[in-house]
file target_32.tsv (TSV, C-alpha atoms and all ligand atoms)
chain	number	residue	atom	x	y	z
A	1	MET	CA	-3.34	-20.98	-16.93
A	2	GLY	CA	-2.46	-17.60	-18.38
A	3	PRO	CA	-1.97	-14.99	-19.54
A	4	PHE	CA	1.47	-15.25	-18.02
A	5	THR	CA	3.24	-12.34	-16.41
A	6	LEU	CA	6.99	-11.72	-16.70
A	7	MET	CA	8.93	-9.08	-14.78
A	8	VAL	CA	12.45	-8.04	-15.71
A	9	VAL	CA	14.51	-6.07	-13.18
A	10	THR	CA	17.47	-4.02	-14.46
A	11	ALA	CA	19.64	-1.14	-13.30
A	12	HIS	CA	19.83	1.21	-16.30
A	13	PRO	CA	17.65	2.07	-19.30
A	14	ASP	CA	19.30	-0.03	-22.09
A	15	ASP	CA	20.27	-2.99	-19.83
A	16	GLU	CA	17.39	-4.90	-21.41
A	17	ALA	CA	18.36	-4.31	-25.02
A	18	LEU	CA	21.23	-6.63	-25.94
A	19	GLY	CA	20.69	-9.57	-23.62
A	20	LEU	CA	16.91	-9.55	-23.40
A	21	GLY	CA	15.41	-7.54	-26.26
A	22	GLY	CA	14.49	-10.60	-28.32
A	23	THR	CA	13.04	-12.39	-25.30
A	24	LEU	CA	10.90	-9.36	-24.41
A	25	ALA	CA	9.66	-9.19	-28.00
A	26	ARG	CA	8.86	-12.91	-28.06
A	27	TYR	CA	6.81	-12.95	-24.88
A	28	GLY	CA	5.19	-9.64	-25.73
A	29	ALA	CA	4.10	-11.11	-29.07
A	30	GLU	CA	2.76	-14.20	-27.29
A	31	GLY	CA	0.38	-11.99	-25.33
A	32	CYS	CA	2.18	-12.20	-22.00
A	33	GLU	CA	2.07	-9.27	-19.58
A	34	VAL	CA	5.70	-8.16	-19.65
A	35	TYR	CA	7.09	-5.47	-17.32
A	36	VAL	CA	10.56	-3.88	-17.33
A	37	VAL	CA	11.56	-2.41	-13.96
A	38	THR	CA	14.64	-0.17	-14.02
A	39	ALA	CA	16.37	1.13	-10.90
A	40	THR	CA	17.75	4.36	-12.44
A	41	ARG	CA	17.29	6.77	-15.36
A	42	GLY	CA	20.88	6.23	-16.42
A	43	GLU	CA	22.08	9.79	-15.82
A	44	ALA	CA	25.68	8.61	-15.31
A	45	GLY	CA	25.81	7.15	-18.79
A	46	GLN	CA	27.89	8.48	-21.65
A	47	ILE	CA	26.50	10.59	-24.48
A	48	PHE	CA	27.64	9.12	-27.78
A	49	GLU	CA	25.54	11.51	-29.86
A	50	PRO	CA	25.99	15.11	-28.69
A	51	ASP	CA	22.83	16.20	-30.52
A	52	ALA	CA	20.73	13.63	-28.64
A	53	ALA	CA	21.20	14.87	-25.06
A	54	THR	CA	23.16	17.07	-22.67
A	55	PRO	CA	24.25	16.04	-19.17
A	56	VAL	CA	21.21	17.95	-17.90
A	57	THR	CA	18.67	16.32	-20.20
A	58	LEU	CA	20.22	12.83	-20.17
A	59	PRO	CA	17.95	11.25	-17.51
A	60	ASP	CA	14.81	12.47	-19.31
A	61	VAL	CA	16.16	11.46	-22.71
A	62	ARG	CA	17.09	7.99	-21.47
A	63	GLU	CA	13.66	7.57	-19.87
A	64	GLN	CA	12.11	8.34	-23.27
A	65	GLU	CA	14.57	5.99	-25.01
A	66	LEU	CA	13.45	3.12	-22.76
A	67	ARG	CA	9.78	4.04	-23.21
A	68	ARG	CA	10.18	3.81	-26.98
A	69	ALA	CA	12.14	0.56	-26.69
A	70	CYS	CA	9.39	-1.04	-24.58
A	71	GLN	CA	6.82	0.11	-27.13
A	72	THR	CA	8.98	-1.49	-29.84
A	73	TYR	CA	9.18	-4.80	-27.96
A	74	GLY	CA	5.42	-4.70	-27.41
A	75	VAL	CA	5.57	-4.72	-23.62
A	76	HIS	CA	4.21	-2.46	-20.86
A	77	PRO	CA	5.75	1.00	-20.28
A	78	PRO	CA	8.83	0.79	-18.04
A	79	ILE	CA	8.64	1.23	-14.28
A	80	PHE	CA	11.40	3.37	-12.72
A	81	LEU	CA	12.52	2.91	-9.10
A	82	ASP	CA	14.05	6.42	-9.15
A	83	TYR	CA	17.46	5.64	-7.71
A	84	PRO	CA	20.68	7.51	-8.60
A	85	ASP	CA	22.76	5.95	-11.37
A	86	GLY	CA	26.12	4.65	-10.14
A	87	LEU	CA	25.15	4.61	-6.47
A	88	LEU	CA	22.91	1.58	-6.08
A	89	PRO	CA	25.13	-0.20	-3.52
A	90	LEU	CA	24.91	2.95	-1.34
A	91	VAL	CA	21.15	3.57	-1.28
A	92	HIS	CA	18.96	2.17	1.50
A	93	GLN	CA	19.07	-1.54	0.64
A	94	GLY	CA	16.00	-2.47	2.71
A	95	GLN	CA	13.92	0.24	1.06
A	96	ALA	CA	15.01	-0.96	-2.39
A	97	VAL	CA	14.09	-4.57	-1.58
A	98	GLY	CA	10.77	-3.35	-0.13
A	99	LYS	CA	9.95	-1.48	-3.36
A	100	LEU	CA	10.56	-4.66	-5.35
A	101	VAL	CA	8.55	-6.82	-2.93
A	102	ARG	CA	5.57	-4.48	-3.37
A	103	LEU	CA	5.95	-4.51	-7.14
A	104	ILE	CA	6.12	-8.31	-7.19
A	105	ARG	CA	2.99	-8.50	-5.04
A	106	ARG	CA	1.17	-5.98	-7.24
A	107	LEU	CA	2.18	-7.38	-10.66
A	108	ARG	CA	2.23	-11.03	-9.47
A	109	PRO	CA	4.71	-12.32	-12.07
A	110	HIS	CA	5.11	-16.01	-12.85
A	111	VAL	CA	8.68	-15.36	-13.97
A	112	VAL	CA	11.25	-12.80	-12.79
A	113	VAL	CA	14.49	-12.13	-14.68
A	114	THR	CA	17.46	-10.14	-13.36
A	115	PHE	CA	21.26	-10.04	-13.48
A	116	GLY	CA	23.38	-12.88	-12.14
A	117	PRO	CA	25.83	-12.27	-9.29
A	118	ASP	CA	28.47	-11.43	-11.91
A	119	GLY	CA	26.57	-8.29	-12.95
A	120	VAL	CA	27.52	-9.14	-16.58
A	121	TYR	CA	30.84	-7.30	-16.25
A	122	GLY	CA	31.07	-6.66	-12.52
A	123	HIS	CA	29.03	-3.42	-12.63
A	124	PHE	CA	28.19	-2.70	-8.98
A	125	ASP	CA	24.75	-1.30	-9.89
A	126	HIS	CA	23.95	-4.58	-11.66
A	127	ILE	CA	25.24	-6.59	-8.71
A	128	ALA	CA	23.12	-4.54	-6.28
A	129	VAL	CA	20.01	-5.14	-8.41
A	130	HIS	CA	20.82	-8.85	-8.46
A	131	TRP	CA	20.83	-9.10	-4.67
A	132	TRP	CA	17.75	-6.88	-4.25
A	133	THR	CA	15.77	-9.01	-6.68
A	134	VAL	CA	16.84	-12.36	-5.17
A	135	ALA	CA	15.86	-11.08	-1.70
A	136	ALA	CA	12.60	-9.59	-2.97
A	137	VAL	CA	11.52	-12.79	-4.76
A	138	ASP	CA	11.96	-14.74	-1.52
A	139	LEU	CA	10.38	-12.13	0.78
A	140	ALA	CA	7.41	-11.43	-1.52
A	141	ALA	CA	6.17	-14.94	-0.74
A	142	ASP	CA	6.61	-14.49	3.01
A	143	PRO	CA	3.65	-12.87	4.85
A	144	GLU	CA	5.99	-11.91	7.70
A	145	TRP	CA	7.58	-9.23	5.52
A	146	PHE	CA	6.34	-5.92	4.11
A	147	SER	CA	2.69	-6.66	4.90
A	148	ASP	CA	0.50	-4.11	6.60
A	149	GLY	CA	-2.47	-6.45	6.60
A	150	SER	CA	-4.95	-3.99	5.07
A	151	ASP	CA	-3.67	-3.61	1.52
A	152	ASP	CA	-4.87	-6.24	-0.93
A	153	GLU	CA	-1.98	-5.37	-3.27
A	154	CYS	CA	0.41	-6.51	-0.56
A	155	ARG	CA	-0.87	-10.09	-0.43
A	156	PRO	CA	2.13	-12.44	-0.54
A	157	HIS	CA	3.03	-13.80	-3.95
A	158	ARG	CA	5.32	-16.69	-4.85
A	159	VAL	CA	7.22	-16.24	-8.11
A	160	ASP	CA	7.37	-19.56	-9.97
A	161	LYS	CA	10.72	-19.07	-11.68
A	162	LEU	CA	13.63	-16.71	-11.14
A	163	TYR	CA	16.23	-16.40	-13.91
A	164	TYR	CA	19.56	-14.67	-14.31
A	165	ARG	CA	20.30	-13.25	-17.73
A	166	VAL	CA	23.85	-14.22	-18.60
A	167	VAL	CA	26.42	-14.15	-21.36
A	168	ALA	CA	27.77	-17.51	-22.52
A	169	GLU	CA	31.52	-18.07	-22.75
A	170	ASP	CA	31.27	-18.81	-26.49
A	171	GLN	CA	29.42	-15.50	-27.06
A	172	LEU	CA	32.35	-13.66	-25.46
A	173	ALA	CA	34.84	-15.14	-27.89
A	174	VAL	CA	32.93	-13.39	-30.69
A	175	MET	CA	32.86	-10.09	-28.78
A	176	ALA	CA	36.66	-10.04	-28.32
A	177	GLN	CA	38.29	-7.21	-30.24
A	178	ASN	CA	41.82	-7.28	-31.67
A	179	GLY	CA	42.58	-10.33	-29.54
A	180	ARG	CA	41.54	-8.53	-26.34
A	181	PRO	CA	38.77	-10.01	-24.19
A	182	ALA	CA	35.41	-8.23	-24.33
A	183	ALA	CA	35.32	-5.58	-21.63
A	184	VAL	CA	33.61	-2.37	-20.57
A	185	THR	CA	35.86	0.53	-19.58
A	186	ARG	CA	35.01	2.05	-16.22
A	187	ASP	CA	37.11	4.74	-14.55
A	188	GLY	CA	39.71	4.22	-17.22
A	189	VAL	CA	40.23	0.47	-16.88
A	190	PRO	CA	38.61	-2.44	-18.70
A	191	PHE	CA	36.25	-4.70	-16.75
A	192	ARG	CA	35.90	-8.04	-18.52
A	193	PHE	CA	32.57	-9.57	-19.28
A	194	PHE	CA	31.84	-12.71	-17.29
A	195	GLY	CA	31.20	-15.69	-19.54
A	196	TRP	CA	29.12	-18.57	-18.15
A	197	LYS	CA	30.16	-22.07	-19.20
A	198	ARG	CA	27.68	-23.71	-21.56
A	199	GLU	CA	26.97	-26.54	-19.11
A	200	THR	CA	25.83	-24.01	-16.48
A	201	ILE	CA	23.29	-22.36	-18.79
A	202	THR	CA	19.84	-23.86	-18.22
A	203	THR	CA	17.82	-21.92	-20.76
A	204	VAL	CA	18.46	-20.67	-24.27
A	205	ILE	CA	15.84	-18.54	-25.99
A	206	ASP	CA	16.00	-18.58	-29.79
A	207	VAL	CA	15.06	-15.04	-30.83
A	208	SER	CA	15.70	-15.51	-34.58
A	209	GLY	CA	12.11	-14.52	-35.30
A	210	TYR	CA	12.49	-11.25	-33.41
A	211	VAL	CA	15.91	-9.95	-34.47
A	212	GLU	CA	14.47	-6.95	-36.33
A	213	THR	CA	12.46	-5.91	-33.27
A	214	LYS	CA	15.50	-6.48	-31.05
A	215	LEU	CA	17.63	-4.33	-33.36
A	216	GLN	CA	15.02	-1.54	-33.34
A	217	GLY	CA	14.88	-1.74	-29.53
A	218	ILE	CA	18.66	-1.35	-29.31
A	219	ARG	CA	18.55	1.60	-31.71
A	220	CYS	CA	16.10	3.38	-29.40
A	221	HIS	CA	19.03	3.84	-26.98
A	222	LEU	CA	20.79	6.26	-29.31
A	223	THR	CA	22.62	8.17	-26.55
A	224	GLN	CA	24.30	4.94	-25.46
A	225	ILE	CA	25.30	3.38	-28.77
A	226	GLY	CA	25.75	6.21	-31.29
A	227	ARG	CA	25.21	6.20	-35.03
A	228	GLN	CA	28.72	4.87	-35.67
A	229	SER	CA	27.92	1.53	-33.98
A	230	PRO	CA	27.32	-1.58	-36.12
A	231	PHE	CA	23.66	-1.46	-35.04
A	232	PHE	CA	23.36	1.49	-37.44
A	233	THR	CA	26.24	0.93	-39.86
A	234	ALA	CA	26.00	-2.86	-40.40
A	235	PRO	CA	22.54	-4.00	-39.27
A	236	GLU	CA	22.37	-6.95	-41.71
A	237	MET	CA	25.59	-8.35	-40.26
A	238	VAL	CA	24.38	-7.89	-36.68
A	239	VAL	CA	21.03	-9.62	-37.12
A	240	GLN	CA	22.67	-12.61	-38.83
A	241	ALA	CA	25.25	-13.12	-36.08
A	242	PRO	CA	24.59	-16.25	-34.00
A	243	TRP	CA	25.35	-14.38	-30.73
A	244	PHE	CA	22.57	-11.92	-31.55
A	245	ARG	CA	20.03	-14.67	-32.19
A	246	GLN	CA	20.09	-16.42	-28.85
A	247	GLU	CA	19.67	-15.12	-25.33
A	248	ASN	CA	20.96	-17.12	-22.38
A	249	PHE	CA	19.59	-17.62	-18.89
A	250	VAL	CA	20.35	-19.51	-15.71
A	251	LEU	CA	17.38	-20.79	-13.69
A	252	ALA	CA	17.95	-19.87	-10.05
A	253	ARG	CA	14.61	-20.59	-8.31
A	254	SER	CA	11.76	-22.81	-9.44
A	255	THR	CA	8.50	-24.10	-7.99
A	256	VAL	CA	7.96	-26.32	-11.04
A	257	GLY	CA	11.07	-28.48	-11.04
A	258	TRP	CA	14.32	-28.30	-12.97
A	259	PRO	CA	14.93	-28.89	-16.67
A	260	GLU	CA	16.47	-32.21	-17.72
A	261	GLY	CA	18.34	-30.68	-20.62
A	262	VAL	CA	18.47	-27.11	-21.86
A	263	GLU	CA	15.08	-25.36	-21.82
A	264	ASP	CA	13.97	-23.20	-24.75
A	265	ASP	CA	11.16	-21.39	-22.91
A	266	LEU	CA	11.08	-19.28	-19.73
A	267	LEU	CA	7.56	-20.64	-19.14
A	268	ALA	CA	8.60	-24.31	-19.41
A	269	GLY	CA	6.78	-26.30	-16.74
A	270	LEU	CA	4.13	-23.59	-16.33
A	271	ARG	CA	2.17	-24.09	-19.52
A	272	ASP	CA	-0.57	-26.74	-19.61
B	301	ZN	ZN	23.61	-1.36	-16.87
call {"tool": "encode", "arguments": {"input": "target_32.tsv", "output": "structure tokens", "more": "lines below"}}
Ligand SMILES: [Zn+2]
result
Amino acid sequence: MGPFTLMVVTAHPDDEALGLGGTLARYGAEGCEVYVVTATRGEAGQIFEPDAATPVTLPDVREQELRRACQTYGVHPPIFLDYPDGLLPLVHQGQAVGKLVRLIRRLRPHVVVTFGPDGVYGHFDHIAVHWWTVAAVDLAADPEWFSDGSDDECRPHRVDKLYYRVVAEDQLAVMAQNGRPAAVTRDGVPFRFFGWKRETITTVIDVSGYVETKLQGIRCHLTQIGRQSPFFTAPEMVVQAPWFRQENFVLARSTVGWPEGVEDDLLAGLRD
């Protein structure tokens, strides 16, 4: 079997970087076909470096940032669904699911990765993408849905494994600042990260061998992190940090059984 195809579905350019960058680099290096699908161009994001973008240029700049990041990881150029940043729960949900069903049938991934129902920190765009992807994975296999009968690219396809990318509770402890829980400020208030208990995490990918690539991928998203972030000011410290060196996943659907212990490979059960 192989080469294997992996498809990652996110909401914003940069969603892949911290939680998935090492995993993308690993499977890219293994020769897998790896695709990053992003619902928006991130035009509602902040601009941490005023010389990098203006509110007008931000969507184009962020598209280019993700293109460079994907090149860095060694995966295919990103695919954009062209939805407005910050409004994903309000767009036509059936159309969004339909777009993903068609992509799944065209790319025919063995493995799909998206957000969990927590949306990492409750971000409603992330949560919308979670539900679209779960629905699309199920419907892509069902010939009753989104098939016009004539198009070969619309042949049903069953994804073998669906994963949620998650943050582990113990990783959050490290991210706490000044005794305050790790959070992202939205509309002026902090939304806490959701930490998954270790016993609920099915899959841990050791990305120690890819930390430099992961760091370079994160740095591609300059508008979102800024030159004052530790990714620029203290890179040696970042790449040595245990939280940076492992990426955590929860297996949500599988046609190849369930792991006994903790898996260390998204393709476990699929390889010969
Ligand atoms: Zn995001």
call {"tool": "closest_residue", "arguments": {"input": "target_32.tsv", "among": "A:Gly74, A:Pro3, A:Gly31, A:Gly119", "to": "ligand ZN 301 (chain B)", "atoms": "all atoms listed in the file"}}
result
A:Gly119
call {"tool": "closest_residue", "arguments": {"input": "target_32.tsv", "among": "A:Thr202, A:Thr213, A:Thr133, A:Gln224", "to": "ligand ZN 301 (chain B)", "atoms": "all atoms listed in the file"}}
result
A:Gln224
call {"tool": "residues_near_ligand", "arguments": {"input": "target_32.tsv", "ligand": "ligand ZN 301 (chain B)", "cutoff": "10 Å", "atoms": "all atoms listed in the file", "output": "PyMOL selection string"}}
result
chain A and resi 10-16+38-40+42+45+85-86+115+119-121+123-127+129
call {"tool": "write_last_selection", "arguments": {"input": "target_32.tsv", "atoms": "C-alpha atoms", "output": "mmCIF file, in the coordinates of the input"}}
result
data_model
loop_
_atom_site.group_PDB
_atom_site.id
_atom_site.type_symbol
_atom_site.label_atom_id
_atom_site.label_comp_id
_atom_site.auth_asym_id
_atom_site.auth_seq_id
_atom_site.Cartn_x
_atom_site.Cartn_y
_atom_site.Cartn_z
ATOM 1 C CA THR A 10 17.470 -4.020 -14.460
ATOM 2 C CA ALA A 11 19.640 -1.140 -13.300
ATOM 3 C CA HIS A 12 19.830 1.210 -16.300
ATOM 4 C CA PRO A 13 17.650 2.070 -19.300
ATOM 5 C CA ASP A 14 19.300 -0.030 -22.090
ATOM 6 C CA ASP A 15 20.270 -2.990 -19.830
ATOM 7 C CA GLU A 16 17.390 -4.900 -21.410
ATOM 8 C CA THR A 38 14.640 -0.170 -14.020
ATOM 9 C CA ALA A 39 16.370 1.130 -10.900
ATOM 10 C CA THR A 40 17.750 4.360 -12.440
ATOM 11 C CA GLY A 42 20.880 6.230 -16.420
ATOM 12 C CA GLY A 45 25.810 7.150 -18.790
ATOM 13 C CA ASP A 85 22.760 5.950 -11.370
ATOM 14 C CA GLY A 86 26.120 4.650 -10.140
ATOM 15 C CA PHE A 115 21.260 -10.040 -13.480
ATOM 16 C CA GLY A 119 26.570 -8.290 -12.950
ATOM 17 C CA VAL A 120 27.520 -9.140 -16.580
ATOM 18 C CA TYR A 121 30.840 -7.300 -16.250
ATOM 19 C CA HIS A 123 29.030 -3.420 -12.630
ATOM 20 C CA PHE A 124 28.190 -2.700 -8.980
ATOM 21 C CA ASP A 125 24.750 -1.300 -9.890
ATOM 22 C CA HIS A 126 23.950 -4.580 -11.660
ATOM 23 C CA ILE A 127 25.240 -6.590 -8.710
ATOM 24 C CA VAL A 129 20.010 -5.140 -8.410
#
call {"tool": "closest_residue", "arguments": {"input": "target_32.tsv", "among": "A:Trp131, A:Arg102, A:Ala173, A:Thr233", "to": "Pro143 of chain A", "atoms": "all atoms listed in the file"}}
result
A:Arg102
call {"tool": "closest_residue", "arguments": {"input": "target_32.tsv", "among": "A:Pro55, A:Pro78, A:Pro181, A:Gly22", "to": "Tyr35 of chain A", "atoms": "all atoms listed in the file"}}
result
A:Pro78
call {"tool": "closest_residue", "arguments": {"input": "target_32.tsv", "among": "A:Cys220, A:Ala96, A:Val174, A:Leu266", "to": "Leu6 of chain A", "atoms": "only C-alpha atoms"}}
result
A:Leu266
call {"tool": "closest_residue", "arguments": {"input": "target_32.tsv", "among": "A:Glu236, A:Val204, A:Ala17, A:Ala241", "to": "Glu263 of chain A", "atoms": "all atoms listed in the file"}}
result
A:Val204
call {"tool": "residues_near_point", "arguments": {"input": "target_32.tsv", "point": "(5.9, -3.1, -14.0)", "cutoff": "12 Å", "atoms": "all atoms listed in the file", "output": "PyMOL selection string"}}
result
chain A and resi 5-10+33-39+70+75-81+99-109+112
call {"tool": "atom_distance", "arguments": {"input": "target_32.tsv", "atom1": "atom CA of Lys161 of chain A", "atom2": "atom CA of Leu251 of chain A"}}
result
7.2 Å
call {"tool": "residues_around", "arguments": {"input": "target_32.tsv", "residues": "Thr203 of chain A", "least_positions_apart": "3", "cutoff": "9 Å", "atoms": "only C-alpha atoms", "output": "ChimeraX atom specification"}}
result
/A:163,247-251,259,261-266
call {"tool": "atom_distance", "arguments": {"input": "target_32.tsv", "atom1": "atom CA of Thr23 of chain A", "atom2": "atom CA of Gln93 of chain A"}}
result
28.8 Å
call {"tool": "residues_around", "arguments": {"input": "target_32.tsv", "residues": "Thr223 of chain A", "least_positions_apart": "2", "cutoff": "12 Å", "atoms": "all atoms listed in the file", "output": "ChimeraX atom specification"}}
result
/A:13-14,42-55,57-66,218-221,225-229
call {"tool": "atom_distance", "arguments": {"input": "target_32.tsv", "atom1": "atom CA of Ser254 of chain A", "atom2": "atom CA of Gly269 of chain A"}}
result
9.5 Å
call {"tool": "residues_around", "arguments": {"input": "target_32.tsv", "residues": "Ser208 of chain A", "least_positions_apart": "4", "cutoff": "9 Å", "atoms": "all atoms listed in the file", "output": "PyMOL selection string"}}
result
chain A and resi 22+212+239-240+242+244-246
call {"tool": "residues_around", "arguments": {"input": "target_32.tsv", "residues": "Leu270 of chain A", "least_positions_apart": "3", "cutoff": "9 Å", "atoms": "all atoms listed in the file", "output": "mmCIF file with C-alpha atoms, in the coordinates of the input"}}
result
data_model
loop_
_atom_site.group_PDB
_atom_site.id
_atom_site.type_symbol
_atom_site.label_atom_id
_atom_site.label_comp_id
_atom_site.auth_asym_id
_atom_site.auth_seq_id
_atom_site.Cartn_x
_atom_site.Cartn_y
_atom_site.Cartn_z
ATOM 1 C CA MET A 1 -3.340 -20.980 -16.930
ATOM 2 C CA PHE A 4 1.470 -15.250 -18.020
ATOM 3 C CA HIS A 110 5.110 -16.010 -12.850
ATOM 4 C CA ASP A 160 7.370 -19.560 -9.970
ATOM 5 C CA VAL A 256 7.960 -26.320 -11.040
ATOM 6 C CA LEU A 266 11.080 -19.280 -19.730
ATOM 7 C CA LEU A 267 7.560 -20.640 -19.140
#
